[in-house]
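*Asks:* Have a look at the structure that comes next, please.
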Amino acid sequence: MNTTQGKCECPGGKYYVVYYMGDKQRWKPVGKNKHEAEALLHQMQARVYDGTYRELPSITFKEFAETKWLPYIIGRVKPLTLRGYRGAIEH
């Protein structure tokens, strides 16, 4: 997050924290309580200042399973079990 500008908005009766990542505007749903939204915004800003905030990338289950989980379990399960897992991920 390059900037800590943010605000709390309430379209449709639900509060969102609105902030910017570079030049892109992001909306994070919070709930129906303005105080919760403001607290989350302040928490995010504090994390930006101390360098602990990071935005996690979106990943599909299939991507996670193929790149993280399957390599982890190779050698820990029987070959037939591994084949079944791979088939389940593909279908």
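Going through the structure tokens in order, the chains are called A, B, and so on, while each chain numbers its residues from 1 and the ligands are numbered from 1 in the order shown.
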Excluding range 56-62 of chain A and its own-chain neighbours fewer than 3 positions away, which residues fall within 10 Å of it when counting only C-alpha atoms? Please give them as a list in words.
*Replies:*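 Counting only the stated atoms, we get Tyr53, Ala65, Glu66, Thr67, Lys68, Trp69, Arg86, Ala88, Ile89, Glu90 and His91 of chain A.
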*Asks:* List every residue of chain A that DSSP, applied to the backbone, labels as strand (DSSP E or B), and write the result as a PyMOL selection string.
*Replies:* chain A and resi 6-9+15-21+24-31
*Asks:* Generate a file of the selected residues that holds N, CA and C atoms, formatted as a PDB file, in the first residue's frame.
*Replies:*
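Done, and the output landed in selection_3.pdb:
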ATOM      1  N   GLY A   6      -7.658   6.716   3.216  1.00  0.00           N
ATOM      2  CA  GLY A   6      -8.757   5.782   3.310  1.00  0.00           C
ATOM      3  C   GLY A   6      -9.975   6.467   3.884  1.00  0.00           C
ATOM      4  N   LYS A   7     -11.100   5.778   3.770  1.00  0.00           N
ATOM      5  CA  LYS A   7     -12.347   6.289   4.327  1.00  0.00           C
ATOM      6  C   LYS A   7     -13.277   5.125   4.552  1.00  0.00           C
ATOM      7  N   CYS A   8     -14.345   5.371   5.278  1.00  0.00           N
ATOM      8  CA  CYS A   8     -15.354   4.365   5.540  1.00  0.00           C
ATOM      9  C   CYS A   8     -16.644   4.811   4.864  1.00  0.00           C
ATOM     10  N   GLU A   9     -17.204   3.953   4.054  1.00  0.00           N
ATOM     11  CA  GLU A   9     -18.444   4.265   3.357  1.00  0.00           C
ATOM     12  C   GLU A   9     -19.471   3.188   3.651  1.00  0.00           C
ATOM     13  N   TYR A  15     -20.940  -1.354   5.813  1.00  0.00           N
ATOM     14  CA  TYR A  15     -19.759  -0.506   5.810  1.00  0.00           C
ATOM     15  C   TYR A  15     -18.584  -1.177   5.110  1.00  0.00           C
ATOM     16  N   TYR A  16     -17.821  -0.360   4.431  1.00  0.00           N
ATOM     17  CA  TYR A  16     -16.618  -0.789   3.728  1.00  0.00           C
ATOM     18  C   TYR A  16     -15.482   0.149   4.097  1.00  0.00           C
ATOM     19  N   VAL A  17     -14.282  -0.397   4.164  1.00  0.00           N
ATOM     20  CA  VAL A  17     -13.087   0.426   4.261  1.00  0.00           C
ATOM     21  C   VAL A  17     -12.606   0.587   2.827  1.00  0.00           C
ATOM     22  N   VAL A  18     -12.449   1.839   2.407  1.00  0.00           N
ATOM     23  CA  VAL A  18     -12.015   2.148   1.045  1.00  0.00           C
ATOM     24  C   VAL A  18     -10.599   2.692   1.139  1.00  0.00           C
ATOM     25  N   TYR A  19      -9.664   2.046   0.434  1.00  0.00           N
ATOM     26  CA  TYR A  19      -8.276   2.485   0.479  1.00  0.00           C
ATOM     27  C   TYR A  19      -7.651   2.313  -0.901  1.00  0.00           C
ATOM     28  N   TYR A  20      -6.454   2.790  -1.058  1.00  0.00           N
ATOM     29  CA  TYR A  20      -5.765   2.747  -2.344  1.00  0.00           C
ATOM     30  C   TYR A  20      -4.497   1.918  -2.243  1.00  0.00           C
ATOM     31  N   MET A  21      -4.296   1.058  -3.230  1.00  0.00           N
ATOM     32  CA  MET A  21      -3.051   0.316  -3.405  1.00  0.00           C
ATOM     33  C   MET A  21      -2.435   0.871  -4.682  1.00  0.00           C
ATOM     34  N   LYS A  24      -4.854   2.025  -7.575  1.00  0.00           N
ATOM     35  CA  LYS A  24      -6.096   1.243  -7.600  1.00  0.00           C
ATOM     36  C   LYS A  24      -6.851   1.382  -6.290  1.00  0.00           C
ATOM     37  N   GLN A  25      -8.142   1.609  -6.414  1.00  0.00           N
ATOM     38  CA  GLN A  25      -8.996   1.732  -5.243  1.00  0.00           C
ATOM     39  C   GLN A  25      -9.479   0.338  -4.832  1.00  0.00           C
ATOM     40  N   ARG A  26      -9.405   0.034  -3.558  1.00  0.00           N
ATOM     41  CA  ARG A  26      -9.853  -1.260  -3.014  1.00  0.00           C
ATOM     42  C   ARG A  26     -10.964  -1.025  -2.006  1.00  0.00           C
ATOM     43  N   TRP A  27     -11.905  -1.966  -1.944  1.00  0.00           N
ATOM     44  CA  TRP A  27     -13.000  -1.918  -0.978  1.00  0.00           C
ATOM     45  C   TRP A  27     -12.953  -3.188  -0.157  1.00  0.00           C
ATOM     46  N   LYS A  28     -12.921  -3.060   1.157  1.00  0.00           N
ATOM     47  CA  LYS A  28     -12.917  -4.224   2.053  1.00  0.00           C
ATOM     48  C   LYS A  28     -14.179  -4.171   2.902  1.00  0.00           C
ATOM     49  N   PRO A  29     -15.073  -5.172   2.774  1.00  0.00           N
ATOM     50  CA  PRO A  29     -16.306  -5.159   3.568  1.00  0.00           C
ATOM     51  C   PRO A  29     -16.007  -5.389   5.048  1.00  0.00           C
ATOM     52  N   VAL A  30     -16.751  -4.673   5.898  1.00  0.00           N
ATOM     53  CA  VAL A  30     -16.531  -4.782   7.337  1.00  0.00           C
ATOM     54  C   VAL A  30     -17.784  -5.261   8.052  1.00  0.00           C
ATOM     55  N   GLY A  31     -18.924  -4.644   7.807  1.00  0.00           N
ATOM     56  CA  GLY A  31     -20.154  -5.007   8.498  1.00  0.00           C
ATOM     57  C   GLY A  31     -21.079  -3.816   8.590  1.00  0.00           C
TER      58      GLY A  31
END
*Asks:* Rounded to one decimal, what separation in Å do you get between CA of His35 in chain A and CA of Gly13 in chain A?
*Replies:*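 Between these atoms lies a distance of 13.9 Å.
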